[in-house]
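Asks: For reference, the structure I am asking about is given below.
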Amino acid sequence: MSVWYEITVTGIESAVRGFVAAREAGLGGREMAVFGRDLDLEEARFSQRVRELLSRGSHHLVFAPAELALDLAAALRRRGGDAGLELDGLSEVVRARVRFSAVVFSRELAGRIRTELLAGLPPGVEGEDVQEREEQDPEAREAELYTPEHEYVYRASGAFSGPFPGVIELRRRASELPFVKIRAIELETRPAPLPV
Amino acid sequence: MRVLAGLASAAAAFTAAGAAEAAGSAGEVLGRTLPAWSALPFVGILLSIALFPLLAPRFWHHHYPKVAAAWGLALVVPFVASYGRAAAAEMLHIALLDYVPFIILIGTLFVIGGGILVRGTLRGSPWVNAAIMATGAALASWIGTTGAAVLLIRPLLRANRQRRRKAHTIVFFIFLVANIGGVLTPLGDPPLFLGFLHGVPFFWSLTLWRELLLVAGLVLAAYVVLDVYHWKREDAAVRAPSQVPHEPLRVEGWHNFIFLGGVLAAVVVSGVWHPGAVSVLGVSLQAQNLLRDAVLVLLAAGSLATTSRHTRQENGYTWGPVREVAILFAGIFATIVPVLLVLRAGEHGALGPLIHGVKTPAQFFWGTGLLSSFLDNAPTYLTFLSTTVGRIYPGMPEREAILRLVAENHAYLQAIATGAVFMGANTYIGNAPNFMVKSIAEEAGIEMPSFFGYIFRYALPFLVPIFLLATWVFFG
């Protein structure tokens, strides 16, 4: 599996996205980058928005597989200034981890979580402390007005850790399932030398 | 043992207060004598209904009858022990005049409404959803908010099955069908039926059509704008006209509408025909009310006998909700007795400062509404009705005072009725069907907002501004 890098860039978001898209196209679309904001790794803080409006830009995280990442970093070094962008850092993503939890009240949804999320983990990704629990209360089968209680409750929680692309794939799957809550991705990185 | 000790000490305290009771008109004297803390069991049962489903749902589901009984006994035992026959007479009075007719009506509407099944599947576009909600809001005043919600929630869920963003649709369904739509008749929402039992004319609530039109119209318009926004963000496949023909809508058990007509006729007749009174266990009951209740029971039995079991099963019909209402309202009606007596005593009662604090119709609208947002709206309505009567016509017999209120100070009743019915939509716990709809939607796979999410994402931004506008238009 390809090594992924985290690139820190200062600039205006639209300029970063445009620059990255141009490099992706330059490589024939073989590799695609992922933005930290799209993974909820960066908060869209008010102050950050104001800085953007004032055209001063702010920090952005871009994740990309090795070939694209090194190409991007080199291009940012060489020509980033033309677009008001500055390369601030480059790190290799050693491992990613994301925690999840779910509480659902239908067997159909519980089945979807089992098959679409918990089964068939991407290569290298492992489940950590994954727990599932089903509770059934036949007395709660009726529709209640004042004493709402679900007849069937399925709870699952845990974390997935492993290579970055596998973890973001699981995050994508989880985001498509109702009732599944996902925490921010935690990253273990090590600094990589900046291209000359 | 600890409970018994508590009851004993409460009885002793009541006895001390009871010593001051003088002879005379029992209810009136009781109202002037009872201490403010005699309202504690009432507050306790209302808070239990509001908080247990949020904090300890499983415990509440299995033990709510014990909790209701504990609050009821915490009031009844010391109350009767202290005030003897006068207290027992008040208890019997509220049981026969309020509780029994209330349960019979709610039960009848639920039985008949549960026999009507809407089949078919529609496409959950903004306009179709709005049409379902408008239909539900229009029906709610005639089959009850619970009946209308039970009838239409499943067709709405089926229509929106393919959509990704649908929680807001269920929330607005709660606003319109489970609450706001029920304001036009005493059949629509329990508070209004309690008002009817206490002397508000049946057709009086039809005068609230302007309030309904403004509030429901704006809520529906807000929904359409919001849903069009979400609809445009749905997948193209969801928005495209389906290749598979939709199953047309059809109604099973339609004959139950005839039974509903019977309910309407029985309740209306009981409000305009006065053949005389009969005494039951020393309580004077109007013959037309006894006849009405008998007819309602027969109509419910007729619906049960003539509707297929399969139709009821498909509707998810069970006796559970009726059992809940019967048990919890036994506790509510038992514990509300001293509160109503004290409030009716007006400034002479222990809650005089409360009565002084609420003066204008706008204050009654928001006072009733805010309490109805967090406590059950039926007892809240009754409490504020008694507050108004106690404030404007202290000491006057209740029925006479209410009729004068309708004739001379219409705006107060208007404010209390709309506040209780409309603002039950402000939270999940404001009105009984809210939680039921939430629960059914969650079991159908819809991720509903949390308790606070419902308030902050929907009630505060959408409902509260509309209620402020209604205050300005109608009570300004």
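By order in the structure tokens, chains are A, B, ...; within a chain, residues start at 1; ligands start at 1, following the order shown.
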Which parts of region 6-113 of chain A does DSSP call helix (DSSP H, G or I) when run on the backbone here, written out as a PyMOL selection string?
Replies: chain A and resi 13-26+36-39+46-53+66-83+107-113
Asks: Would you put the residues from that selection into a file with N, CA and C atoms, as a compact mmCIF listing (two decimals), in the first residue's frame?
Replies:
```txt
# COMPACT_ATOMS: atom_id res chain seq x y z
N GLU A 13 -8.10 29.01 0.70
CA GLU A 13 -8.54 27.64 0.44
C GLU A 13 -8.79 27.37 -1.04
N SER A 14 -9.45 28.31 -1.70
CA SER A 14 -9.78 28.06 -3.11
C SER A 14 -8.50 27.95 -3.95
N ALA A 15 -7.49 28.74 -3.56
CA ALA A 15 -6.22 28.68 -4.30
C ALA A 15 -5.55 27.33 -4.06
N VAL A 16 -5.61 26.85 -2.81
CA VAL A 16 -5.01 25.53 -2.49
C VAL A 16 -5.69 24.45 -3.31
N ARG A 17 -7.04 24.50 -3.31
CA ARG A 17 -7.78 23.46 -4.02
C ARG A 17 -7.46 23.51 -5.53
N GLY A 18 -7.37 24.72 -6.07
CA GLY A 18 -7.07 24.86 -7.49
C GLY A 18 -5.68 24.33 -7.81
N PHE A 19 -4.73 24.65 -6.95
CA PHE A 19 -3.35 24.22 -7.16
C PHE A 19 -3.27 22.69 -7.13
N VAL A 20 -3.94 22.10 -6.13
CA VAL A 20 -3.91 20.64 -5.99
C VAL A 20 -4.57 19.99 -7.20
N ALA A 21 -5.69 20.56 -7.63
CA ALA A 21 -6.40 19.98 -8.79
C ALA A 21 -5.50 20.00 -10.02
N ALA A 22 -4.75 21.08 -10.16
CA ALA A 22 -3.87 21.19 -11.32
C ALA A 22 -2.79 20.11 -11.28
N ARG A 23 -2.22 19.87 -10.09
CA ARG A 23 -1.18 18.83 -9.98
C ARG A 23 -1.76 17.44 -10.20
N GLU A 24 -3.00 17.22 -9.70
CA GLU A 24 -3.65 15.92 -9.92
C GLU A 24 -3.80 15.69 -11.42
N ALA A 25 -4.25 16.74 -12.11
CA ALA A 25 -4.43 16.62 -13.56
C ALA A 25 -3.10 16.37 -14.24
N GLY A 26 -2.07 17.03 -13.71
CA GLY A 26 -0.74 16.87 -14.29
C GLY A 26 -0.24 15.44 -14.20
N GLY A 36 -8.03 18.16 4.55
CA GLY A 36 -8.31 18.03 5.98
C GLY A 36 -9.69 18.55 6.34
N ARG A 37 -10.09 19.63 5.68
CA ARG A 37 -11.41 20.19 6.00
C ARG A 37 -12.52 19.20 5.66
N ASP A 38 -12.35 18.45 4.58
CA ASP A 38 -13.38 17.48 4.17
C ASP A 38 -13.44 16.29 5.14
N LEU A 39 -12.38 16.10 5.90
CA LEU A 39 -12.36 15.00 6.87
C LEU A 39 -12.64 15.50 8.28
N PHE A 46 -14.37 30.80 12.82
CA PHE A 46 -14.77 32.12 12.35
C PHE A 46 -13.55 32.96 12.01
N SER A 47 -12.53 32.89 12.89
CA SER A 47 -11.34 33.70 12.66
C SER A 47 -10.65 33.28 11.36
N GLN A 48 -10.73 31.97 11.09
CA GLN A 48 -10.11 31.46 9.87
C GLN A 48 -10.83 32.01 8.63
N ARG A 49 -12.17 32.05 8.74
CA ARG A 49 -12.97 32.57 7.64
C ARG A 49 -12.66 34.05 7.41
N VAL A 50 -12.51 34.78 8.51
CA VAL A 50 -12.22 36.22 8.39
C VAL A 50 -10.88 36.42 7.69
N ARG A 51 -9.89 35.61 8.09
CA ARG A 51 -8.58 35.71 7.45
C ARG A 51 -8.68 35.43 5.95
N GLU A 52 -9.53 34.43 5.63
CA GLU A 52 -9.72 34.10 4.21
C GLU A 52 -10.31 35.29 3.48
N LEU A 53 -11.31 35.93 4.13
CA LEU A 53 -11.96 37.07 3.50
C LEU A 53 -10.98 38.23 3.30
N ALA A 66 2.15 9.11 -2.07
CA ALA A 66 3.54 9.56 -2.20
C ALA A 66 3.83 10.35 -3.47
N GLU A 67 3.50 9.78 -4.63
CA GLU A 67 3.90 10.44 -5.88
C GLU A 67 3.31 11.85 -5.98
N LEU A 68 1.98 11.94 -5.71
CA LEU A 68 1.32 13.23 -5.80
C LEU A 68 1.82 14.17 -4.71
N ALA A 69 2.02 13.63 -3.51
CA ALA A 69 2.43 14.48 -2.38
C ALA A 69 3.79 15.11 -2.65
N LEU A 70 4.73 14.30 -3.10
CA LEU A 70 6.07 14.84 -3.32
C LEU A 70 6.08 15.82 -4.50
N ASP A 71 5.27 15.50 -5.50
CA ASP A 71 5.14 16.42 -6.64
C ASP A 71 4.53 17.75 -6.19
N LEU A 72 3.47 17.64 -5.35
CA LEU A 72 2.80 18.85 -4.85
C LEU A 72 3.75 19.71 -4.03
N ALA A 73 4.47 19.02 -3.13
CA ALA A 73 5.37 19.76 -2.25
C ALA A 73 6.44 20.48 -3.07
N ALA A 74 6.98 19.78 -4.06
CA ALA A 74 8.01 20.40 -4.89
C ALA A 74 7.43 21.57 -5.68
N ALA A 75 6.23 21.38 -6.21
CA ALA A 75 5.59 22.45 -6.99
C ALA A 75 5.27 23.65 -6.11
N LEU A 76 4.84 23.38 -4.88
CA LEU A 76 4.54 24.49 -3.96
C LEU A 76 5.80 25.27 -3.65
N ARG A 77 6.87 24.55 -3.47
CA ARG A 77 8.15 25.22 -3.21
C ARG A 77 8.54 26.12 -4.38
N ARG A 78 8.37 25.55 -5.60
CA ARG A 78 8.83 26.27 -6.79
C ARG A 78 7.90 27.41 -7.18
N ARG A 79 6.58 27.08 -7.27
CA ARG A 79 5.65 28.05 -7.89
C ARG A 79 4.51 28.46 -6.98
N GLY A 80 4.50 27.95 -5.73
CA GLY A 80 3.37 28.25 -4.84
C GLY A 80 3.18 29.73 -4.62
N GLY A 81 4.30 30.45 -4.53
CA GLY A 81 4.23 31.89 -4.28
C GLY A 81 3.41 32.61 -5.34
N ASP A 82 3.42 32.09 -6.60
CA ASP A 82 2.65 32.74 -7.67
C ASP A 82 1.15 32.74 -7.35
N ALA A 83 0.73 31.73 -6.57
CA ALA A 83 -0.71 31.64 -6.22
C ALA A 83 -0.95 32.08 -4.78
N ARG A 107 -33.55 -3.61 13.29
CA ARG A 107 -32.68 -4.75 12.95
C ARG A 107 -32.06 -4.54 11.57
N GLU A 108 -32.82 -3.90 10.69
CA GLU A 108 -32.34 -3.67 9.34
C GLU A 108 -31.07 -2.79 9.37
N LEU A 109 -31.14 -1.72 10.17
CA LEU A 109 -29.98 -0.83 10.25
C LEU A 109 -28.81 -1.52 10.95
N ALA A 110 -29.11 -2.32 11.96
CA ALA A 110 -28.03 -3.05 12.64
C ALA A 110 -27.32 -3.96 11.65
N GLY A 111 -28.12 -4.59 10.79
CA GLY A 111 -27.54 -5.47 9.77
C GLY A 111 -26.66 -4.69 8.80
N ARG A 112 -27.10 -3.48 8.45
CA ARG A 112 -26.28 -2.66 7.54
C ARG A 112 -24.96 -2.27 8.19
N ILE A 113 -25.00 -1.94 9.48
CA ILE A 113 -23.75 -1.56 10.16
C ILE A 113 -22.79 -2.75 10.18
```
Asks: Using only C-alpha atoms, select each residue of chain A with any atom at most 10 Å away from an atom of chain B, and give the selection as a PyMOL selection string.
Replies: chain A and resi 103-110+137+139-153+176-180
Asks: Go ahead and dump the residues you just picked, C-alpha atoms, as a PDB file, in the first residue's frame.
Replies:
```
ATOM      1  CA  VAL A 103     -27.098   3.207  18.673  1.00  0.00           C
ATOM      2  CA  VAL A 104     -29.864   2.066  16.341  1.00  0.00           C
ATOM      3  CA  PHE A 105     -33.393   0.846  16.862  1.00  0.00           C
ATOM      4  CA  SER A 106     -34.041  -1.331  13.842  1.00  0.00           C
ATOM      5  CA  ARG A 107     -32.678  -4.746  12.949  1.00  0.00           C
ATOM      6  CA  GLU A 108     -32.335  -3.671   9.336  1.00  0.00           C
ATOM      7  CA  LEU A 109     -29.977  -0.834  10.253  1.00  0.00           C
ATOM      8  CA  ALA A 110     -28.033  -3.047  12.642  1.00  0.00           C
ATOM      9  CA  ASP A 137     -37.512  -5.775  25.321  1.00  0.00           C
ATOM     10  CA  GLU A 139     -42.778  -5.438  26.416  1.00  0.00           C
ATOM     11  CA  ALA A 140     -41.761  -2.319  24.492  1.00  0.00           C
ATOM     12  CA  ARG A 141     -43.147  -3.543  21.169  1.00  0.00           C
ATOM     13  CA  GLU A 142     -46.086  -1.135  21.267  1.00  0.00           C
ATOM     14  CA  ALA A 143     -46.049   2.503  20.180  1.00  0.00           C
ATOM     15  CA  GLU A 144     -45.979   4.449  23.430  1.00  0.00           C
ATOM     16  CA  LEU A 145     -47.173   7.959  24.137  1.00  0.00           C
ATOM     17  CA  TYR A 146     -45.670   8.676  27.530  1.00  0.00           C
ATOM     18  CA  THR A 147     -43.212   5.849  28.115  1.00  0.00           C
ATOM     19  CA  PRO A 148     -41.171   5.665  24.934  1.00  0.00           C
ATOM     20  CA  GLU A 149     -38.882   2.679  24.838  1.00  0.00           C
ATOM     21  CA  HIS A 150     -37.545   0.804  21.850  1.00  0.00           C
ATOM     22  CA  GLU A 151     -38.223  -2.888  21.557  1.00  0.00           C
ATOM     23  CA  TYR A 152     -34.858  -3.442  19.865  1.00  0.00           C
ATOM     24  CA  VAL A 153     -31.630  -1.564  20.529  1.00  0.00           C
ATOM     25  CA  GLU A 176     -23.291   7.102   4.908  1.00  0.00           C
ATOM     26  CA  LEU A 177     -24.920   5.122   7.704  1.00  0.00           C
ATOM     27  CA  PRO A 178     -27.534   6.875   9.855  1.00  0.00           C
ATOM     28  CA  PHE A 179     -27.033   6.823  13.630  1.00  0.00           C
ATOM     29  CA  VAL A 180     -23.280   6.181  13.325  1.00  0.00           C
TER      30      VAL A 180
END
```
Asks: When you draw a straight line from CA of Arg97 (chain A) to CA of Arg133 (chain A), how long is it in Å?
Replies: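 Pair CA of Arg97 (chain A) / CA of Arg133 (chain A) returns 22.3 Å.
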Asks: Considering only C-alpha atoms, return as a PyMOL selection string whatever protein or nucleic-acid residues lie within 10 Å of Pro155 (chain B), sequence-local ones (same chain, fewer than 5 positions apart) excluded.
Replies: chain B and resi 117-122+124+129+132+150+160-161+249
Asks: Generate the output file for the selected residues, C-alpha atoms, as a compact mmCIF listing (two decimals), in the first residue's frame.
Replies:
```
# COMPACT_ATOMS: atom_id res chain seq x y z
CA LEU B 117 -55.33 2.59 7.61
CA VAL B 118 -53.85 4.65 4.79
CA ARG B 119 -52.14 2.44 2.21
CA GLY B 120 -50.12 3.35 -0.83
CA THR B 121 -46.83 5.06 -1.46
CA LEU B 122 -46.16 8.56 -2.62
CA GLY B 124 -41.63 12.33 -0.75
CA ASN B 129 -44.89 16.08 2.22
CA ILE B 132 -49.62 15.11 3.92
CA VAL B 150 -50.98 7.51 13.96
CA ASN B 160 -39.62 9.54 2.24
CA ARG B 161 -37.97 6.15 2.42
CA LEU B 249 -53.33 5.93 -1.91
```
Asks: Nearest to Phe35 (chain A): which of A:Ala174, A:Val62, A:Val9, A:Ala159 is it, counting only C-alpha atoms?
Replies: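 Closest residue, counting only C-alpha atoms: A:Val62.
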Asks: Write out as an mmCIF file with C-alpha atoms, in the first residue's frame the residues lying within 10 Å of Leu184 (chain B), counting only C-alpha atoms and excluding same-chain residues fewer than 2 positions away.
Replies:
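Okay, selection.cif is ready:
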```cif
data_model
loop_
_atom_site.group_PDB
_atom_site.id
_atom_site.type_symbol
_atom_site.label_atom_id
_atom_site.label_comp_id
_atom_site.auth_asym_id
_atom_site.auth_seq_id
_atom_site.Cartn_x
_atom_site.Cartn_y
_atom_site.Cartn_z
ATOM 1 C CA ALA B 138 -56.837 19.526 9.100
ATOM 2 C CA ALA B 140 -56.211 16.604 13.864
ATOM 3 C CA SER B 141 -59.060 18.740 15.154
ATOM 4 C CA TRP B 142 -61.569 16.013 14.323
ATOM 5 C CA ILE B 180 -50.902 22.868 16.097
ATOM 6 C CA GLY B 181 -53.629 21.275 13.963
ATOM 7 C CA GLY B 182 -55.590 20.145 17.017
ATOM 8 C CA PRO B 186 -62.371 19.833 21.861
ATOM 9 C CA LEU B 187 -61.779 16.535 20.021
ATOM 10 C CA GLY B 188 -58.451 17.815 18.729
ATOM 11 C CA ASP B 189 -56.339 18.054 21.838
ATOM 12 C CA LEU B 192 -59.576 21.589 24.888
ATOM 13 C CA PHE B 202 -67.999 23.021 22.005
ATOM 14 C CA PHE B 203 -67.999 25.410 19.070
ATOM 15 C CA TRP B 204 -66.051 28.133 20.853
ATOM 16 C CA SER B 205 -62.705 26.714 19.738
ATOM 17 C CA LEU B 206 -63.766 27.087 16.092
ATOM 18 C CA THR B 207 -63.239 30.810 16.668
ATOM 19 C CA LEU B 208 -59.516 30.025 16.804
ATOM 20 C CA TRP B 209 -59.388 29.509 13.024
ATOM 21 C CA GLU B 211 -54.757 31.709 14.921
ATOM 22 C CA LEU B 212 -54.604 28.279 13.289
ATOM 23 C CA ALA B 417 -56.078 27.473 24.486
ATOM 24 C CA THR B 418 -53.616 28.425 21.759
ATOM 25 C CA VAL B 421 -52.033 23.499 22.044
#
```
Asks: How many Å lie between CA of Tyr458 (chain B) and CA of Leu370 (chain B), rounded to one decimal?
Replies: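 Those two atoms sit 15.8 Å apart.
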Asks: Find the residues around Val125 (chain A) up to 6 Å (only C-alpha atoms counted), leave out those fewer than 2 positions away in its own chain, and share them as a PyMOL selection string.
Replies: chain A and resi 122-123+161-162
Asks: Identify, on the basis of only C-alpha atoms, every residue whose closest approach to Leu281 (chain B) does not exceed 10 Å; exclude the query and any residue fewer than 2 positions from it along the same chain; express the result as a VMD selection string.
Replies: chain B and resid 89 92 to 93 96 278 to 279 283 to 285
Asks: Grab the residues selected above and save them as a PDB file, in the first residue's frame with C-alpha atoms.
Replies:
```pdb
ATOM      1  CA  ALA B  89     -66.017  14.638  47.726  1.00  0.00           C
ATOM      2  CA  LEU B  92     -64.893  11.826  43.607  1.00  0.00           C
ATOM      3  CA  HIS B  93     -66.038  14.942  41.808  1.00  0.00           C
ATOM      4  CA  LEU B  96     -66.533  11.322  37.763  1.00  0.00           C
ATOM      5  CA  VAL B 278     -78.661  12.545  38.324  1.00  0.00           C
ATOM      6  CA  SER B 279     -76.747  11.845  41.521  1.00  0.00           C
ATOM      7  CA  VAL B 283     -71.968  13.750  42.895  1.00  0.00           C
ATOM      8  CA  SER B 284     -74.405  15.532  40.613  1.00  0.00           C
ATOM      9  CA  LEU B 285     -73.842  14.382  37.013  1.00  0.00           C
TER      10      LEU B 285
END
```
Asks: What gap, in Å, lies between CA of Leu468 (chain B) and CA of Tyr454 (chain B)?
Replies: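 Computing the Euclidean distance for CA of Leu468 (chain B) and CA of Tyr454 (chain B) yields 18.8 Å.
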